[in-house]
Amino acid sequence: MHSPYMITGVLNLLAASLLLISFAMLSRRRTQRLITLFAWQGVVLFASTCLVGYRADLTELYYSAALTLLLKVIALPWILHRLIHRLGVQWDSEPLVNIPATMLVGLGLVIFAFGLAQPISRMATTITRNTIGIALAVIFLAFLMMITRRRAITQVIGFLAMENGLFFAATSATYGMPMVIELGIALDLLIGFFILGIFFFQIREQFDSLDLSNMESLKEE
Amino acid sequence: MAHPWMTSGIVTTVSTHGLHLLLWLTLAWLILGVFALIRIHSLPFAARLFPLGAIVCLSIALMASIMLITGSLPQVAILPLGLPNLPFHARLDTLSAFFLLLLGVSGAGISIFAGGYFRHSHGTAPGLLCLQYHIFLASMALVTLADDAYFFMVAWETMALSSYFLVTAQHRFAEVRRAGFLYLLMAHLGAICILLSFGVLQGGRWQFTFEAMRSAALSPAWASAAFLLALVGFGTKAGLVPMHVWLPEAHPAAPSPVSAMMSGLMLSTAVYGMLRIAFNLLHIRYWWWGVLILALGLFSALYGAVFAAVQTDMKRLLAYSSIENIGVIFTGIGLTILFDASHLPLFASLALSAALIHALNHSIFKSLLFLTTGSVLHATNQRSLGKLGGLIRSMPWVATLALVGTLAIAGLPPLNGFVSEWLLLQSFLYTPLIPHAFLNMLIPLGAAVLALTAALAAYVMVKFYGVIFLGQHREPSLEHAHDADWLERIGLTWLALGCLTIGVLPQLVLRAAGAVTGTLLGQTVNLGSLFGLLAPISPKQASYSGLVLLAGIFVVVGITFIVVRALAHGRIQRTAPWDCGYPWQTSRMQDTAEGFGQPIRHIFGTFFGMERELPSPDDSAPQYRIRIEDRIWGTLYQPITRNVQRLADWIGLLQGGRLPIYLLYSFLTLIALLVFVL
């Protein structure tokens, strides 16, 4: 029998690695690396959900974990890989402005997220309540990543990472959302992803590149 | 009230289930409209449905008059429509019944006419036009029957939207689209004010039924706020100056039966709304409200009449004449509030009767005149007065019926326009009894303005009729103008008979108006017997009898006819008149619309923004051009437009076109909100 302290320790470790991966995503230039990191985020999420499910004795969480594994570790990264092959941008790297400054802003966001999580942690009764701050930080960092990127695909990856953060927040604050909602979100994610995939091709056809700064020309004058 | 034929079965049924029957009749309109969609592109099919709609109109008018006479009112019902826990409430009282009577009487004439009018396919498919037309009619009926703010606003907006689509029936013309947009914009500004007015009227209890509003006790400030909002809202719809700018644009743009409906019926619903809020939902009225409405009404009346005098487009002329008549109606409402606030209920009911009867009269004669312009338009394809003339010979039916309408609108006895203006001037005569020294001195000026307006209205109508129907054809093509077809004739005749009936037997409508004043003010004027003298206050003061006058006219005309025939018969010579020495005379040398309006343009020059191009004396092809503009457009609306545009440009800076910046907006919003809850 594992001690509860050990499980909590492992959970904290997983949460920390999630945060680490988020920071890594913020600084990566290569699209392919980003997809790999996103898949790793999914793996960590799967592991932590399983652990929480084991510790709290909730079978529902196992289903959630399975869904995560299926969707975020296998399906989406695979589709993304196929997509960048089809678009021919697998070796593409995008210029990032001032990575240290972005990191510092990210750090500020993490501090803000922990401050924000304190009153929630005090009210929560779950064993994972200490990780709520990390979950919020992951959301903020993913948002920051969307703001700093200029390519359409990386924006979508940022969007997916944000969903990961939300999922983690739900797990740590209330042992996950009801199953129906979770299934709904998974479906939304998949469909939204397909629509965005179609958009990629449309955008490239229109501007000959996936660089979103081209969209400025759409502005009405 | 025990009426002799109350006992007969049908009448009893009608008077006890009146509200339900009226709602079913309204539904019948909608069904007719939907039915028209079956063969949406077939013009003959849609044309056959309009007279059926007229039958519904007639039934509604009949029911409304039965309700007004037998008086088992008010009736209430809760409709199985609306949102859950927020059903539509309907209520039929004398005020609703009066306006339903108006809607039915004028609507019947217009619908019959419309059956003959829509001969050429306009922009909108005929079936769709028929649907929009009947939705418009039904929504106007529902506005008068609504008994909660929610239902009222739904019906009100349906009315605005359906009429917008009717106005833009010929949407291929850019000017029609522009007029439609202006109308829609003003309609929504008005609707927002009305909505806010209801928001104030509920008095903090958040009950939006009219029943709750009647019992809400508002402080004077809030009551005034509700009143002013309602005045702006309904004034916009009615076309009170300075909210009138949409009216001269939208009315000419619409097909003629639609112009008739908008001018004759829709403007009346605005009057209804104003009366409903001022006299039924608000529990108190202050004298300065009356002064405000009186001033606005008189100014609108004068403004409309002056502008009508200088118009050269026949439908624009009628549109400005509508502004004038709405001004007269609101003058009556203003006097009513003034009398009511001064605790003079008898005179208040006199002024209110005048306003109500004028609303009814206006709906009849203005519909009649708009419809005649429709017939003229069909026959000649001309709207400009400068290219018409002499149509009395090729279109005798239309010319005769238009004459009835113009005489009525000019306020000549024994037609209906005289009755209401006479009643209104009568009520002006009692204003010295109002206990405010300054008002006593100022209001006689109002009576003078009203008299001036009436004279100008007559002048306008001489111009309208004279330029279109009298004189010589100004264009050779007018020789072949054809008269109205039989359905159009029936519609026009119906309305002309309405003018005559009300003029000869004003007691009929005074009874109907008396039922309303009895409900709203608790007082009715002296109704008199049906065929006797009309003496609303007392026979010693002033009285009028249409019958005697009509008989007098017949006798005088008859005697003159006989005398002339006896003296001059068989001794008439036809020769060419002396041509003043000119070598040739053309039909272009008659008095024109511009020429006829010139004195007015000269006297009231300050009202207009004028641009004139005068030809130089040695110009071989001289051209005279004049453009007359509404000053209010430039002084009130253009600055507002400019400022809105500037504000919009400022806000437009937010839209830089860069996606990361947009994301940053939402991110910063999120952070700000989180800081706020922290």
# chains A, B, ... in the order shown; residues from 1 in each chain; ligands from 1
>>> residues_around(residues="segment 47-54 of chain B", least_positions_apart="4", cutoff="6 Å", atoms="only C-alpha atoms", output="NGL selection string")
:B and (108 or 111-112 or 115)
>>> write_last_selection(atoms="N, CA, C and O atoms", output="PDB file, in the first residue's frame")
ATOM      1  N   ALA B 108     -60.187  48.818 -44.964  1.00  0.00           N
ATOM      2  CA  ALA B 108     -61.045  48.167 -45.958  1.00  0.00           C
ATOM      3  C   ALA B 108     -60.892  48.836 -47.314  1.00  0.00           C
ATOM      4  O   ALA B 108     -60.702  48.171 -48.344  1.00  0.00           O
ATOM      5  N   SER B 111     -57.438  48.068 -48.775  1.00  0.00           N
ATOM      6  CA  SER B 111     -57.262  46.680 -49.223  1.00  0.00           C
ATOM      7  C   SER B 111     -57.998  46.420 -50.530  1.00  0.00           C
ATOM      8  O   SER B 111     -57.478  45.735 -51.411  1.00  0.00           O
ATOM      9  N   ILE B 112     -59.221  46.957 -50.644  1.00  0.00           N
ATOM     10  CA  ILE B 112     -59.951  46.770 -51.909  1.00  0.00           C
ATOM     11  C   ILE B 112     -59.157  47.393 -53.043  1.00  0.00           C
ATOM     12  O   ILE B 112     -58.952  46.807 -54.109  1.00  0.00           O
ATOM     13  N   GLY B 115     -56.222  45.419 -54.223  1.00  0.00           N
ATOM     14  CA  GLY B 115     -56.545  44.301 -55.109  1.00  0.00           C
ATOM     15  C   GLY B 115     -56.447  44.686 -56.570  1.00  0.00           C
ATOM     16  O   GLY B 115     -56.121  43.858 -57.421  1.00  0.00           O
TER      17      GLY B 115
END
>>> residues_around(residues="Phe167 of chain A", least_positions_apart="2", cutoff="9 Å", atoms="only C-alpha atoms", output="ChimeraX atom specification")
/A:45,135,162-165,169-172,176-177,182
>>> write_last_selection(atoms="N, CA, C and O atoms", output="tab-separated table (two decimals), in the first residue's frame")
chain	number	residue	atom	x	y	z
A	45	LEU	N	-0.83	14.67	-18.02
A	45	LEU	CA	-2.22	14.84	-17.62
A	45	LEU	C	-2.89	13.50	-17.37
A	45	LEU	O	-3.61	13.30	-16.40
A	135	ALA	N	-2.39	24.81	-12.38
A	135	ALA	CA	-3.34	24.68	-13.49
A	135	ALA	C	-3.64	26.03	-14.10
A	135	ALA	O	-3.62	26.21	-15.32
A	162	MET	N	-4.15	25.30	-23.77
A	162	MET	CA	-5.02	26.00	-22.83
A	162	MET	C	-6.12	25.06	-22.34
A	162	MET	O	-6.47	25.06	-21.15
A	163	GLU	N	-6.64	24.26	-23.25
A	163	GLU	CA	-7.67	23.30	-22.85
A	163	GLU	C	-7.10	22.30	-21.85
A	163	GLU	O	-7.76	21.91	-20.89
A	164	ASN	N	-5.84	21.90	-22.07
A	164	ASN	CA	-5.18	21.00	-21.11
A	164	ASN	C	-5.17	21.63	-19.72
A	164	ASN	O	-5.46	20.97	-18.71
A	165	GLY	N	-4.83	22.93	-19.69
A	165	GLY	CA	-4.79	23.63	-18.41
A	165	GLY	C	-6.15	23.63	-17.74
A	165	GLY	O	-6.28	23.38	-16.55
A	169	ALA	N	-7.15	22.04	-14.21
A	169	ALA	CA	-7.78	22.86	-13.16
A	169	ALA	C	-9.05	22.19	-12.65
A	169	ALA	O	-9.28	22.11	-11.44
A	170	ALA	N	-9.84	21.65	-13.57
A	170	ALA	CA	-11.08	21.00	-13.15
A	170	ALA	C	-10.77	19.77	-12.30
A	170	ALA	O	-11.42	19.53	-11.28
A	171	THR	N	-9.76	19.00	-12.70
A	171	THR	CA	-9.41	17.80	-11.94
A	171	THR	C	-8.93	18.17	-10.54
A	171	THR	O	-9.30	17.53	-9.56
A	172	SER	N	-8.09	19.21	-10.48
A	172	SER	CA	-7.52	19.49	-9.16
A	172	SER	C	-8.51	20.21	-8.25
A	172	SER	O	-8.45	20.02	-7.05
A	176	GLY	N	-12.60	16.82	-11.43
A	176	GLY	CA	-13.10	16.71	-12.80
A	176	GLY	C	-14.53	17.16	-12.96
A	176	GLY	O	-15.29	17.25	-12.02
A	177	MET	N	-14.84	17.48	-14.22
A	177	MET	CA	-16.21	17.90	-14.52
A	177	MET	C	-17.09	16.66	-14.68
A	177	MET	O	-16.56	15.55	-14.82
A	182	GLU	N	-17.53	16.57	-19.96
A	182	GLU	CA	-16.21	16.23	-20.45
A	182	GLU	C	-16.28	15.64	-21.86
A	182	GLU	O	-15.49	15.99	-22.74
>>> closest_residue(among="A:Gly158, A:Ile181, A:Ile84, A:Leu67", to="chain B", atoms="only C-alpha atoms")
A:Gly158
>>> closest_atom_pairs(of="segment 145-196 of chain A", to="segment 658-668 of chain B", cutoff="12 Å", atoms="only C-alpha atoms", output="tab-separated table")
residue	atom	partner	partner_atom	distance
A:Met145	CA	B:Pro660	CA	9.8
A:Met146	CA	B:Pro660	CA	7.2
A:Ile147	CA	B:Pro660	CA	4.6
A:Thr148	CA	B:Pro660	CA	6.7
A:Arg149	CA	B:Pro660	CA	7.5
A:Arg150	CA	B:Pro660	CA	7.5
A:Arg151	CA	B:Leu659	CA	10.4
A:Ala152	CA	B:Leu659	CA	10.1
A:Gln155	CA	B:Pro660	CA	9.6
A:Gly158	CA	B:Leu663	CA	11.7
A:Phe159	CA	B:Leu663	CA	11.2
>>> write_last_selection(atoms="all heavy atoms", output="PDB file, in the first residue's frame")
ATOM      1  N   MET A 145       1.348  32.148 -25.025  1.00  0.00           N
ATOM      2  CA  MET A 145       1.963  31.548 -26.199  1.00  0.00           C
ATOM      3  C   MET A 145       1.166  31.915 -27.453  1.00  0.00           C
ATOM      4  O   MET A 145       1.731  32.268 -28.489  1.00  0.00           O
ATOM      5  CB  MET A 145       1.991  30.036 -26.030  1.00  0.00           C
ATOM      6  CG  MET A 145       2.573  29.299 -27.203  1.00  0.00           C
ATOM      7  SD  MET A 145       2.459  27.544 -26.894  1.00  0.00           S
ATOM      8  CE  MET A 145       2.317  26.971 -28.554  1.00  0.00           C
ATOM      9  N   MET A 146      -0.174  31.874 -27.351  1.00  0.00           N
ATOM     10  CA  MET A 146      -0.993  32.253 -28.507  1.00  0.00           C
ATOM     11  C   MET A 146      -0.725  33.688 -28.916  1.00  0.00           C
ATOM     12  O   MET A 146      -0.710  34.029 -30.094  1.00  0.00           O
ATOM     13  CB  MET A 146      -2.482  32.088 -28.172  1.00  0.00           C
ATOM     14  CG  MET A 146      -2.951  30.661 -28.193  1.00  0.00           C
ATOM     15  SD  MET A 146      -4.669  30.551 -27.730  1.00  0.00           S
ATOM     16  CE  MET A 146      -5.450  31.010 -29.254  1.00  0.00           C
ATOM     17  N   ILE A 147      -0.515  34.553 -27.921  1.00  0.00           N
ATOM     18  CA  ILE A 147      -0.312  35.971 -28.254  1.00  0.00           C
ATOM     19  C   ILE A 147       1.021  36.172 -28.954  1.00  0.00           C
ATOM     20  O   ILE A 147       1.134  36.951 -29.895  1.00  0.00           O
ATOM     21  CB  ILE A 147      -0.392  36.821 -26.973  1.00  0.00           C
ATOM     22  CG1 ILE A 147      -1.821  36.807 -26.439  1.00  0.00           C
ATOM     23  CG2 ILE A 147       0.022  38.260 -27.236  1.00  0.00           C
ATOM     24  CD1 ILE A 147      -1.987  37.497 -25.123  1.00  0.00           C
ATOM     25  N   THR A 148       2.070  35.434 -28.507  1.00  0.00           N
ATOM     26  CA  THR A 148       3.399  35.703 -29.051  1.00  0.00           C
ATOM     27  C   THR A 148       3.646  35.022 -30.389  1.00  0.00           C
ATOM     28  O   THR A 148       4.580  35.393 -31.086  1.00  0.00           O
ATOM     29  CB  THR A 148       4.488  35.256 -28.062  1.00  0.00           C
ATOM     30  OG1 THR A 148       4.233  33.902 -27.720  1.00  0.00           O
ATOM     31  CG2 THR A 148       4.478  36.122 -26.827  1.00  0.00           C
ATOM     32  N   ARG A 149       2.827  34.047 -30.747  1.00  0.00           N
ATOM     33  CA  ARG A 149       3.100  33.314 -31.993  1.00  0.00           C
ATOM     34  C   ARG A 149       2.444  33.989 -33.185  1.00  0.00           C
ATOM     35  O   ARG A 149       1.441  34.677 -33.046  1.00  0.00           O
ATOM     36  CB  ARG A 149       2.583  31.875 -31.876  1.00  0.00           C
ATOM     37  CG  ARG A 149       3.220  31.101 -30.771  1.00  0.00           C
ATOM     38  CD  ARG A 149       4.664  30.864 -31.093  1.00  0.00           C
ATOM     39  NE  ARG A 149       5.344  30.369 -29.902  1.00  0.00           N
ATOM     40  CZ  ARG A 149       6.252  29.407 -29.931  1.00  0.00           C
ATOM     41  NH1 ARG A 149       6.633  28.858 -31.074  1.00  0.00           N
ATOM     42  NH2 ARG A 149       6.827  29.017 -28.817  1.00  0.00           N
ATOM     43  N   ARG A 150       3.000  33.667 -34.354  1.00  0.00           N
ATOM     44  CA  ARG A 150       2.454  34.290 -35.555  1.00  0.00           C
ATOM     45  C   ARG A 150       1.931  33.276 -36.551  1.00  0.00           C
ATOM     46  O   ARG A 150       1.299  33.639 -37.529  1.00  0.00           O
ATOM     47  CB  ARG A 150       3.521  35.157 -36.220  1.00  0.00           C
ATOM     48  CG  ARG A 150       3.865  36.338 -35.351  1.00  0.00           C
ATOM     49  CD  ARG A 150       5.060  37.065 -35.885  1.00  0.00           C
ATOM     50  NE  ARG A 150       4.803  37.625 -37.191  1.00  0.00           N
ATOM     51  CZ  ARG A 150       5.768  38.165 -37.930  1.00  0.00           C
ATOM     52  NH1 ARG A 150       7.005  38.178 -37.492  1.00  0.00           N
ATOM     53  NH2 ARG A 150       5.485  38.677 -39.103  1.00  0.00           N
ATOM     54  N   ARG A 151       2.233  32.007 -36.335  1.00  0.00           N
ATOM     55  CA  ARG A 151       1.772  31.007 -37.294  1.00  0.00           C
ATOM     56  C   ARG A 151       0.435  30.417 -36.847  1.00  0.00           C
ATOM     57  O   ARG A 151       0.200  30.267 -35.648  1.00  0.00           O
ATOM     58  CB  ARG A 151       2.797  29.865 -37.420  1.00  0.00           C
ATOM     59  CG  ARG A 151       4.144  30.303 -37.925  1.00  0.00           C
ATOM     60  CD  ARG A 151       4.106  30.503 -39.424  1.00  0.00           C
ATOM     61  NE  ARG A 151       5.094  31.495 -39.853  1.00  0.00           N
ATOM     62  CZ  ARG A 151       6.352  31.222 -40.115  1.00  0.00           C
ATOM     63  NH1 ARG A 151       6.802  29.998 -40.017  1.00  0.00           N
ATOM     64  NH2 ARG A 151       7.185  32.165 -40.495  1.00  0.00           N
ATOM     65  N   ALA A 152      -0.359  30.036 -37.815  1.00  0.00           N
ATOM     66  CA  ALA A 152      -1.689  29.522 -37.488  1.00  0.00           C
ATOM     67  C   ALA A 152      -1.617  28.235 -36.683  1.00  0.00           C
ATOM     68  O   ALA A 152      -2.347  28.061 -35.715  1.00  0.00           O
ATOM     69  CB  ALA A 152      -2.487  29.307 -38.769  1.00  0.00           C
ATOM     70  N   GLN A 155      -0.689  28.662 -33.074  1.00  0.00           N
ATOM     71  CA  GLN A 155      -1.816  29.226 -32.321  1.00  0.00           C
ATOM     72  C   GLN A 155      -2.779  28.133 -31.898  1.00  0.00           C
ATOM     73  O   GLN A 155      -3.288  28.140 -30.784  1.00  0.00           O
ATOM     74  CB  GLN A 155      -2.547  30.238 -33.188  1.00  0.00           C
ATOM     75  CG  GLN A 155      -1.683  31.421 -33.546  1.00  0.00           C
ATOM     76  CD  GLN A 155      -2.318  32.712 -33.172  1.00  0.00           C
ATOM     77  OE1 GLN A 155      -3.479  32.898 -33.452  1.00  0.00           O
ATOM     78  NE2 GLN A 155      -1.583  33.576 -32.534  1.00  0.00           N
ATOM     79  N   GLY A 158      -1.381  26.280 -29.066  1.00  0.00           N
ATOM     80  CA  GLY A 158      -1.579  27.065 -27.856  1.00  0.00           C
ATOM     81  C   GLY A 158      -2.994  26.921 -27.322  1.00  0.00           C
ATOM     82  O   GLY A 158      -3.202  26.752 -26.115  1.00  0.00           O
ATOM     83  N   PHE A 159      -3.940  26.908 -28.242  1.00  0.00           N
ATOM     84  CA  PHE A 159      -5.342  26.758 -27.848  1.00  0.00           C
ATOM     85  C   PHE A 159      -5.569  25.400 -27.181  1.00  0.00           C
ATOM     86  O   PHE A 159      -6.223  25.302 -26.135  1.00  0.00           O
ATOM     87  CB  PHE A 159      -6.202  26.909 -29.101  1.00  0.00           C
ATOM     88  CG  PHE A 159      -7.657  26.665 -28.875  1.00  0.00           C
ATOM     89  CD1 PHE A 159      -8.414  27.559 -28.154  1.00  0.00           C
ATOM     90  CD2 PHE A 159      -8.273  25.524 -29.382  1.00  0.00           C
ATOM     91  CE1 PHE A 159      -9.758  27.334 -27.950  1.00  0.00           C
ATOM     92  CE2 PHE A 159      -9.610  25.296 -29.162  1.00  0.00           C
ATOM     93  CZ  PHE A 159     -10.350  26.200 -28.450  1.00  0.00           C
TER      94      PHE A 159
END
>>> closest_atom_pairs(of="chain A", to="chain B", cutoff="10 Å", atoms="only C-alpha atoms", output="CSV")
residue,atom,partner,partner_atom,distance
A:Leu109,CA,B:Ile671,CA,9.5
A:Phe112,CA,B:Val675,CA,9.1
A:Ala113,CA,B:Leu674,CA,9.6
A:Gly115,CA,B:Leu678,CA,8.6
A:Leu116,CA,B:Leu678,CA,6.5
A:Ala117,CA,B:Leu678,CA,9.4
A:Gln118,CA,B:Leu678,CA,9.7
A:Pro119,CA,B:Leu678,CA,8.4
A:Phe140,CA,B:Phe667,CA,8.4
A:Phe143,CA,B:Phe667,CA,7.1
A:Leu144,CA,B:Phe667,CA,8.1
A:Met145,CA,B:Pro660,CA,9.8
A:Met146,CA,B:Pro660,CA,7.2
A:Ile147,CA,B:Pro660,CA,4.6
A:Thr148,CA,B:Pro660,CA,6.7
A:Arg149,CA,B:Pro660,CA,7.5
A:Arg150,CA,B:Pro660,CA,7.5
A:Gln155,CA,B:Pro660,CA,9.6
A:Leu212,CA,B:Leu659,CA,7.0
A:Ser213,CA,B:Arg658,CA,6.4
A:Asn214,CA,B:Arg658,CA,8.7
A:Met215,CA,B:Gly657,CA,6.8
A:Glu216,CA,B:Gly657,CA,4.5
A:Ser217,CA,B:Gly657,CA,7.4
A:Leu218,CA,B:Gly657,CA,7.0
A:Lys219,CA,B:Gly657,CA,5.3
A:Glu220,CA,B:Gly657,CA,8.6
A:Glu221,CA,B:Gly652,CA,9.8
>>> residues_around(residues="Tyr62 of chain A", least_positions_apart="2", cutoff="10 Å", atoms="only C-alpha atoms", output="ChimeraX atom specification")
/A:46,49-54,57-60,64-68
>>> decode(residues="segment 433-446 of chain B", atoms="N, CA, C and O atoms", output="PDB file, in the first residue's frame")
ATOM      1  N   LEU B 433     -60.423  79.761 -19.585  1.00  0.00           N
ATOM      2  CA  LEU B 433     -60.798  79.249 -18.266  1.00  0.00           C
ATOM      3  C   LEU B 433     -59.633  78.583 -17.550  1.00  0.00           C
ATOM      4  O   LEU B 433     -59.725  78.254 -16.376  1.00  0.00           O
ATOM      5  N   ILE B 434     -58.534  78.360 -18.265  1.00  0.00           N
ATOM      6  CA  ILE B 434     -57.379  77.722 -17.621  1.00  0.00           C
ATOM      7  C   ILE B 434     -56.746  78.692 -16.637  1.00  0.00           C
ATOM      8  O   ILE B 434     -56.479  79.838 -16.988  1.00  0.00           O
ATOM      9  N   PRO B 435     -56.515  78.251 -15.419  1.00  0.00           N
ATOM     10  CA  PRO B 435     -56.044  79.195 -14.397  1.00  0.00           C
ATOM     11  C   PRO B 435     -54.538  79.470 -14.450  1.00  0.00           C
ATOM     12  O   PRO B 435     -53.828  79.294 -13.480  1.00  0.00           O
ATOM     13  N   HIS B 436     -54.029  79.841 -15.609  1.00  0.00           N
ATOM     14  CA  HIS B 436     -52.632  80.278 -15.682  1.00  0.00           C
ATOM     15  C   HIS B 436     -52.634  81.556 -16.508  1.00  0.00           C
ATOM     16  O   HIS B 436     -53.009  81.545 -17.679  1.00  0.00           O
ATOM     17  N   ALA B 437     -52.173  82.658 -15.906  1.00  0.00           N
ATOM     18  CA  ALA B 437     -52.320  83.954 -16.556  1.00  0.00           C
ATOM     19  C   ALA B 437     -51.583  84.002 -17.895  1.00  0.00           C
ATOM     20  O   ALA B 437     -52.144  84.415 -18.907  1.00  0.00           O
ATOM     21  N   PHE B 438     -50.335  83.548 -17.914  1.00  0.00           N
ATOM     22  CA  PHE B 438     -49.551  83.675 -19.130  1.00  0.00           C
ATOM     23  C   PHE B 438     -50.088  82.786 -20.243  1.00  0.00           C
ATOM     24  O   PHE B 438     -50.139  83.177 -21.402  1.00  0.00           O
ATOM     25  N   LEU B 439     -50.504  81.566 -19.847  1.00  0.00           N
ATOM     26  CA  LEU B 439     -51.054  80.660 -20.851  1.00  0.00           C
ATOM     27  C   LEU B 439     -52.293  81.261 -21.490  1.00  0.00           C
ATOM     28  O   LEU B 439     -52.501  81.151 -22.697  1.00  0.00           O
ATOM     29  N   ASN B 440     -53.098  81.906 -20.667  1.00  0.00           N
ATOM     30  CA  ASN B 440     -54.309  82.521 -21.203  1.00  0.00           C
ATOM     31  C   ASN B 440     -53.991  83.498 -22.306  1.00  0.00           C
ATOM     32  O   ASN B 440     -54.759  83.682 -23.237  1.00  0.00           O
ATOM     33  N   MET B 441     -52.828  84.176 -22.151  1.00  0.00           N
ATOM     34  CA  MET B 441     -52.482  85.152 -23.177  1.00  0.00           C
ATOM     35  C   MET B 441     -51.877  84.485 -24.391  1.00  0.00           C
ATOM     36  O   MET B 441     -52.030  84.956 -25.514  1.00  0.00           O
ATOM     37  N   LEU B 442     -51.138  83.374 -24.160  1.00  0.00           N
ATOM     38  CA  LEU B 442     -50.395  82.768 -25.262  1.00  0.00           C
ATOM     39  C   LEU B 442     -51.246  81.850 -26.127  1.00  0.00           C
ATOM     40  O   LEU B 442     -51.045  81.770 -27.334  1.00  0.00           O
ATOM     41  N   ILE B 443     -52.190  81.149 -25.495  1.00  0.00           N
ATOM     42  CA  ILE B 443     -52.894  80.114 -26.245  1.00  0.00           C
ATOM     43  C   ILE B 443     -53.743  80.663 -27.389  1.00  0.00           C
ATOM     44  O   ILE B 443     -53.807  80.046 -28.442  1.00  0.00           O
ATOM     45  N   PRO B 444     -54.346  81.843 -27.256  1.00  0.00           N
ATOM     46  CA  PRO B 444     -55.051  82.388 -28.431  1.00  0.00           C
ATOM     47  C   PRO B 444     -54.139  82.482 -29.655  1.00  0.00           C
ATOM     48  O   PRO B 444     -54.608  82.318 -30.779  1.00  0.00           O
ATOM     49  N   LEU B 445     -52.856  82.740 -29.421  1.00  0.00           N
ATOM     50  CA  LEU B 445     -51.917  82.717 -30.539  1.00  0.00           C
ATOM     51  C   LEU B 445     -51.922  81.348 -31.213  1.00  0.00           C
ATOM     52  O   LEU B 445     -51.852  81.228 -32.436  1.00  0.00           O
ATOM     53  N   GLY B 446     -52.025  80.302 -30.363  1.00  0.00           N
ATOM     54  CA  GLY B 446     -52.090  78.943 -30.894  1.00  0.00           C
ATOM     55  C   GLY B 446     -53.292  78.770 -31.789  1.00  0.00           C
ATOM     56  O   GLY B 446     -53.212  78.165 -32.866  1.00  0.00           O
TER      57      GLY B 446
END
